[in-house]
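Let me begin by presenting the structure, written as structure tokens, before commenting on it.
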Amino acid sequence: MSSVANQQDRMIRTDPDRPPVAVVEPPGLSGPAKIVFAAIAVVAAIGWSMLAISRGEHVSSIWIVLAAVGSYLLALRFYATLIEHKIHRPDDTRATPGEEFDNGKDYMPTDRRVLFGHHFAAISGAGPLVGPVLASQMGYMPGTLWIIFGVVLAGAVQDYMVLHLSIRRGGRTLGQMARDELGPVGGWAAIVGVLTIMVILIAVLGVVMIGALAESAWAVWAVAMTIPIAFFMGFYLRYLRPGKVSEVSGIGVALLLAAIVSGRWVSQSDWGHIFVLDKPTLAIALAIYGFIAAVLPVWMLLAPRDYLSTFMKVGTIVMLAIAILIVRPELQMPAVTEFARTGTGPAFAGELFPFLFITIACGAISGFHALIASGTTPKLIEKEKQARMIGYGGMLTESFVAIMALVAACIIDQHVYFAMNAPAGLTGGTPEAAAAYTNSLGLVSPGGTTLPAVDPSVYAQAAKAVGEESIISRTGGAPTLAFGMSEVMHQVPGLNLLGDKAFWYHFAILFEALFILTTIDAGTRVARFMFSDAVSNVRGLARFKDPNWVPGAWISTSVMVLAWGSILYMGVTDPLGGINMLFPLFGIANQLLAVIALCVVFAVTMKKVGPTWAWIPGLPLFFVLIVTMTASWQKIFSTNPKIGYWTIHSQAKAALASGADSFQTAKTPEAIEAVVRNTAVQGTLSIVYALLVIIVFGAAMMVSLRALRNGDRAVHEHQAPPSQIFAPSGFIPTPLEKEALAQWHEAGLEPTPVGPHHHP
């Protein structure tokens, strides 16, 4: 009887006549849970120990997978819980923005499983796929360490803390929170920085995606089909079978697989040429899609499409992890290569510090995530306690994607890897020239012995195996990841019945395209929120703050789509290769955005709990600030034409003035003019971004100092009404949460009903 009474005491009601809206879980771990986490710790320790001592010719990729998974699970349970208890102190009796402002369009409490899928899909773009593949030229160890420790101490911390801050502030965007917490100077610098950086981020994601889709009917068909499938899922879940998440998920996944399989048939049909689109056409189509996805109600297209894509994303990554455990491929790349020391790698130029931390962005920490965590997600979350699973857990999931990408790249034969990732100017574009180039690199095995020279036929055979004309100079990271995945997948018993290496290669290409598209549509919606928030601060334009004002939503969306669409078009037509020129700027801008987000989080933490726990956001803040300022300095002032934007700009300008017909890969005077114009834009943006971030950092330090000296602890939290709904905090309800759900059902009520919730 006492246990029943104690259980009832742990259930909290905001209305005595209604079921509980929150539960208070007993502290600590149960006996079985302690055993489980002890076993997880042992697994992680084994993985790290083997990576530390294995330096021979045969190093298994299994150890990276075990070290990563064990570290992630421990961090989610213990480090994220520390942040929850010491800093956030979530309160499920408060209505979240989704519940309070529910309008069925931008604000609405969404099932935690669907929202996790939406959030993960929105944050997981090209970064966790491309960055680790490119950084593999430095060896597997630097990337592994940064991805795992970076996400635990930096990336997941940022995402979780920004999400909680936004929930407590009515779903405010990052720029607006910066203005509220850092004052007008730091706030406006943050707003301008966030908006302009957002434009670059979406545009670069589009460049990577178009590189995977261009001239491929199979890929375009499969990706396009996810749009009507998402519409069907949205209407099914809202009107036909509300709440039947598992049911609609099964239907959606079946339709998605059908779309992928039918892509081969479409590409071989008489009308398949309709879906063979060039890069400029795809850029325009992507901009149109971004506008439509951003203005439609979130339940209709965005949430179900992202949720659908998540099944393919998470399913493919888990499948790859299991395949690695079964096949046990050995790492072909050394722990640390010579390119990490010299900074002369073919995939990208620059030394390990700072460029490893810029190249691997999204798998460890990404400023873009802060925009999602203060954009769509806080407007859809049901309960404050769900932020740990969605914010911290969602970022850990993306980090695992980055680890899988790193492993996929490092198990490829080194000659093939460098032939794929070196530009055509170095490889010559032919098997013979590529073989001569990679043989000249002095490559060594994981054990340190010199690799034998490669025969040109290796490249022809590799291309034939994946159904491509050539794999040489397939830069950008996506083809390398697809090649590595196909190497593993086709060896797994059962999976090899689904298709050969060519099937799995193209399956992986589609998988990457879906990753990126879901980031673009969510990113455009967030950009609309940010622009509306920013414009509403101008006198006479306050109505833009109203999320229900349709003209404001359409105007804001149009402005942002035109902005990133223009940069995207510039990227896909860049004579030097859009990805080569824009990805370094993408990496720097992304991490500078993380600095802005961490500045806001650090200042709020200093005001809320003081310096005792401020080291949690402070540690990643100062590290990422040093990295990004160093990289920005080099991109602006370096005299190396492979690194410095202004050096390239001046050399291209001189070539044009001398009447030269070509410059690097620009083969016409018009193309050289484009190089001059584009590098001027990129170099100028590098300077602007660095200055804006310095201003924001200075404002954050002043606010923190005032909090320390004068006790100024005022934070701008929204006064939310009492909650009237209930939802579990994790994927699987605890026994206490199950009891609370049972009380709702016994009362004949839906714990989270579809439709607006009215508050007194």
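As shown in the structure tokens, the chain order sets the letters A, B, ...; within each chain, residues go from 1, and ligands are also counted from 1 in the order they appear.
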
Tell me, as an NGL selection string, which residues lie within 12 Å of Ile365 of chain A, counting only C-alpha atoms; anything in the same chain fewer than 2 positions away does not count.
:A and (123-124 or 127-128 or 131 or 146-160 or 357-363 or 367-370 or 392 or 395-396 or 398-399 or 402 or 587-588 or 590-595 or 597-598 or 620-621 or 623-624)

Please report, as a tab-separated table, each residue of segment 19-117 of chain A lying at most 9 Å from segment 245-264 of chain A, together with the nearest pair of atoms and the separation in Å rounded to one decimal; use only C-alpha atoms, and order rows by chain and ascending residue number.
residue	atom	partner	partner_atom	distance
A:Asp111	CA	A:Val245	CA	8.3
A:Arg113	CA	A:Val245	CA	8.4
A:Val114	CA	A:Val245	CA	7.7

Write out as a JSON list (two decimals) with C-alpha atoms, in the first residue's frame which residues come within 10 Å of Pro346 of chain A when counting only C-alpha atoms, dropping same-chain ones fewer than 6 positions away.
[["chain", "number", "residue", "atom", "x", "y", "z"],
["A", 134, "LEU", "CA", 37.96, 14.19, -46.37],
["A", 137, "GLN", "CA", 43.64, 11.62, -45.36],
["A", 339, "PHE", "CA", 49.66, 14.63, -44.48],
["A", 418, "PHE", "CA", 43.49, 9.22, -52.84],
["A", 419, "ALA", "CA", 42.63, 8.75, -56.52],
["A", 420, "MET", "CA", 38.97, 9.45, -55.69],
["A", 421, "ASN", "CA", 39.62, 12.50, -53.50],
["A", 422, "ALA", "CA", 42.44, 14.25, -55.37],
["A", 423, "PRO", "CA", 41.31, 16.85, -57.97],
["A", 426, "LEU", "CA", 46.56, 16.07, -59.94],
["A", 427, "THR", "CA", 45.22, 12.70, -61.12],
["A", 438, "THR", "CA", 49.22, 7.91, -56.13],
["A", 441, "LEU", "CA", 52.73, 9.91, -52.72]]

Separation of atom CA of His119 of chain A from atom CA of Ile62 of chain A, in Å and rounded to one decimal:
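Separation of atom CA of His119 of chain A and atom CA of Ile62 of chain A: 28.3 Å.
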
Run DSSP on the backbone and give me the residues of segment 284-444 of chain A it puts in helix (DSSP H, G or I), as a PyMOL selection string.
chain A and resi 284-295+302-327+338-342+352-359+367-373+377-379+386-410+414-421+424-427+431-439

In Å, rounded to a single decimal, give me how far atom CA of Gln176 of chain A is from atom CA of Leu195 of chain A.
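The value is 11.2 Å.
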
Name the residues in contact with Ala436 of chain A at a cut-off of 9 Å, using only C-alpha atoms, excluding same-chain residues fewer than 5 positions from it; report them as number ranges by chain.
A: 427, 431, 453-456

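In terms of minimum interatomic distance to Gly428 of chain A, A:Ser473 ranks closest within A:Ser473, A:Ser662, A:Asn103, A:Gln682, counting only C-alpha atoms.
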
When you draw a straight line from atom CA of Ala283 of chain A to atom CA of Leu296 of chain A, how long is it in Å?
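Here the two named atoms are 20.5 Å from each other.
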
Between A:Gly565, A:Pro132, A:Pro721, A:Gly175, which is the closest to Leu201 of chain A once you count only C-alpha atoms?
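Smallest distance to Leu201 of chain A is found for A:Gly565.
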
Would you write out, as a tab-separated table, a table of all residues in segment 279-343 of chain A that have an atom no more than 10 Å from an atom of segment 519-533 of chain A, listing for each the closest atom pair and the distance in Å to one decimal, considering only C-alpha atoms and ordering rows by chain and rising residue number?
residue	atom	partner	partner_atom	distance
A:Leu286	CA	A:Ile520	CA	8.6
A:Ala287	CA	A:Ile520	CA	9.3
A:Tyr289	CA	A:Asp521	CA	7.6
A:Gly290	CA	A:Asp521	CA	5.1
A:Phe291	CA	A:Thr524	CA	7.3
A:Ile292	CA	A:Asp521	CA	8.7
A:Ala293	CA	A:Asp521	CA	5.8
A:Ala294	CA	A:Arg525	CA	4.4
A:Val295	CA	A:Arg525	CA	7.4
A:Leu296	CA	A:Arg525	CA	9.6
A:Val298	CA	A:Arg525	CA	9.3
A:Leu301	CA	A:Asp521	CA	9.5
A:Leu302	CA	A:Ala522	CA	6.9
A:Ala303	CA	A:Ala522	CA	8.9
A:Arg305	CA	A:Asp521	CA	9.7
A:Asp306	CA	A:Ala522	CA	8.5

Looking at A:Thr684, A:Ala122, A:Met319, A:Ala44, which one is nearest to Ala75 of chain A, with distances taken over only C-alpha atoms?
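Closest residue, counting only C-alpha atoms: A:Ala44.
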
Which residues come within 10 Å of Asp278 of chain A, counting only C-alpha atoms, excluding same-chain residues fewer than 2 positions away, as a ChimeraX atom specification?
/A:210-211,213-216,275-276,280-283,572

Could those residues be written to a file, using N, CA and C atoms, as a short mmCIF file (atom, residue, chain, number, x, y, z; two decimals), in the first residue's frame?
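Output below, filename again-v2.cif:
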data_model
loop_
_atom_site.label_atom_id
_atom_site.label_comp_id
_atom_site.auth_asym_id
_atom_site.auth_seq_id
_atom_site.Cartn_x
_atom_site.Cartn_y
_atom_site.Cartn_z
N ILE A 210 23.50 18.38 -54.95
CA ILE A 210 23.39 18.44 -56.40
C ILE A 210 24.52 17.62 -57.04
N GLY A 211 25.70 17.61 -56.40
CA GLY A 211 26.78 16.79 -56.91
C GLY A 211 26.43 15.31 -56.93
N LEU A 213 23.18 14.20 -57.17
CA LEU A 213 21.98 13.97 -57.98
C LEU A 213 22.16 14.28 -59.46
N ALA A 214 23.10 15.15 -59.80
CA ALA A 214 23.23 15.62 -61.18
C ALA A 214 23.42 14.47 -62.16
N GLU A 215 22.68 14.53 -63.24
CA GLU A 215 22.78 13.55 -64.34
C GLU A 215 22.41 12.12 -63.91
N SER A 216 21.69 11.97 -62.81
CA SER A 216 21.32 10.63 -62.33
C SER A 216 19.80 10.54 -62.21
N PHE A 275 14.23 12.73 -65.86
CA PHE A 275 14.81 12.94 -64.53
C PHE A 275 16.32 13.13 -64.57
N VAL A 276 16.89 13.22 -65.76
CA VAL A 276 18.32 13.51 -65.88
C VAL A 276 18.47 15.03 -65.96
N PRO A 280 22.58 23.45 -62.80
CA PRO A 280 21.79 24.68 -62.65
C PRO A 280 20.29 24.41 -62.51
N THR A 281 19.77 23.44 -63.27
CA THR A 281 18.34 23.12 -63.18
C THR A 281 18.00 22.58 -61.80
N LEU A 282 18.85 21.70 -61.28
CA LEU A 282 18.63 21.17 -59.94
C LEU A 282 18.69 22.26 -58.89
N ALA A 283 19.56 23.25 -59.08
CA ALA A 283 19.65 24.35 -58.12
C ALA A 283 18.34 25.12 -58.05
N VAL A 572 27.41 25.92 -57.98
CA VAL A 572 27.33 24.85 -58.98
C VAL A 572 27.90 25.28 -60.32
#

Any idea what's packed within 7 Å of segment 727-734 of chain A, counting only C-alpha atoms, ignoring anything in its chain fewer than 5 positions away? Could you give it as a ChimeraX atom specification?
/A:113,382-383,385-386,389,751-752

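If you measure from each of A:Val458, A:Leu517, A:Leu129, A:Ala408 to Leu205 of chain A using only C-alpha atoms, the closest one turns out to be A:Leu517.
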
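Taking only C-alpha atoms into account, Arg328 of chain A lies nearest to A:Ile411 out of the set A:Ala433, A:Ile695, A:Leu495, A:Ile411.
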
Counting only C-alpha atoms, figure out which residue out of A:Asp413, A:Glu469, A:Glu737, A:Glu512 gets nearest to Val130 of chain A.
A:Glu512

Long-range neighbours of Arg94 of chain A as an NGL selection string, 7 Å cut-off, only C-alpha atoms, 6 positions minimum in chain:
:A and (720-723)
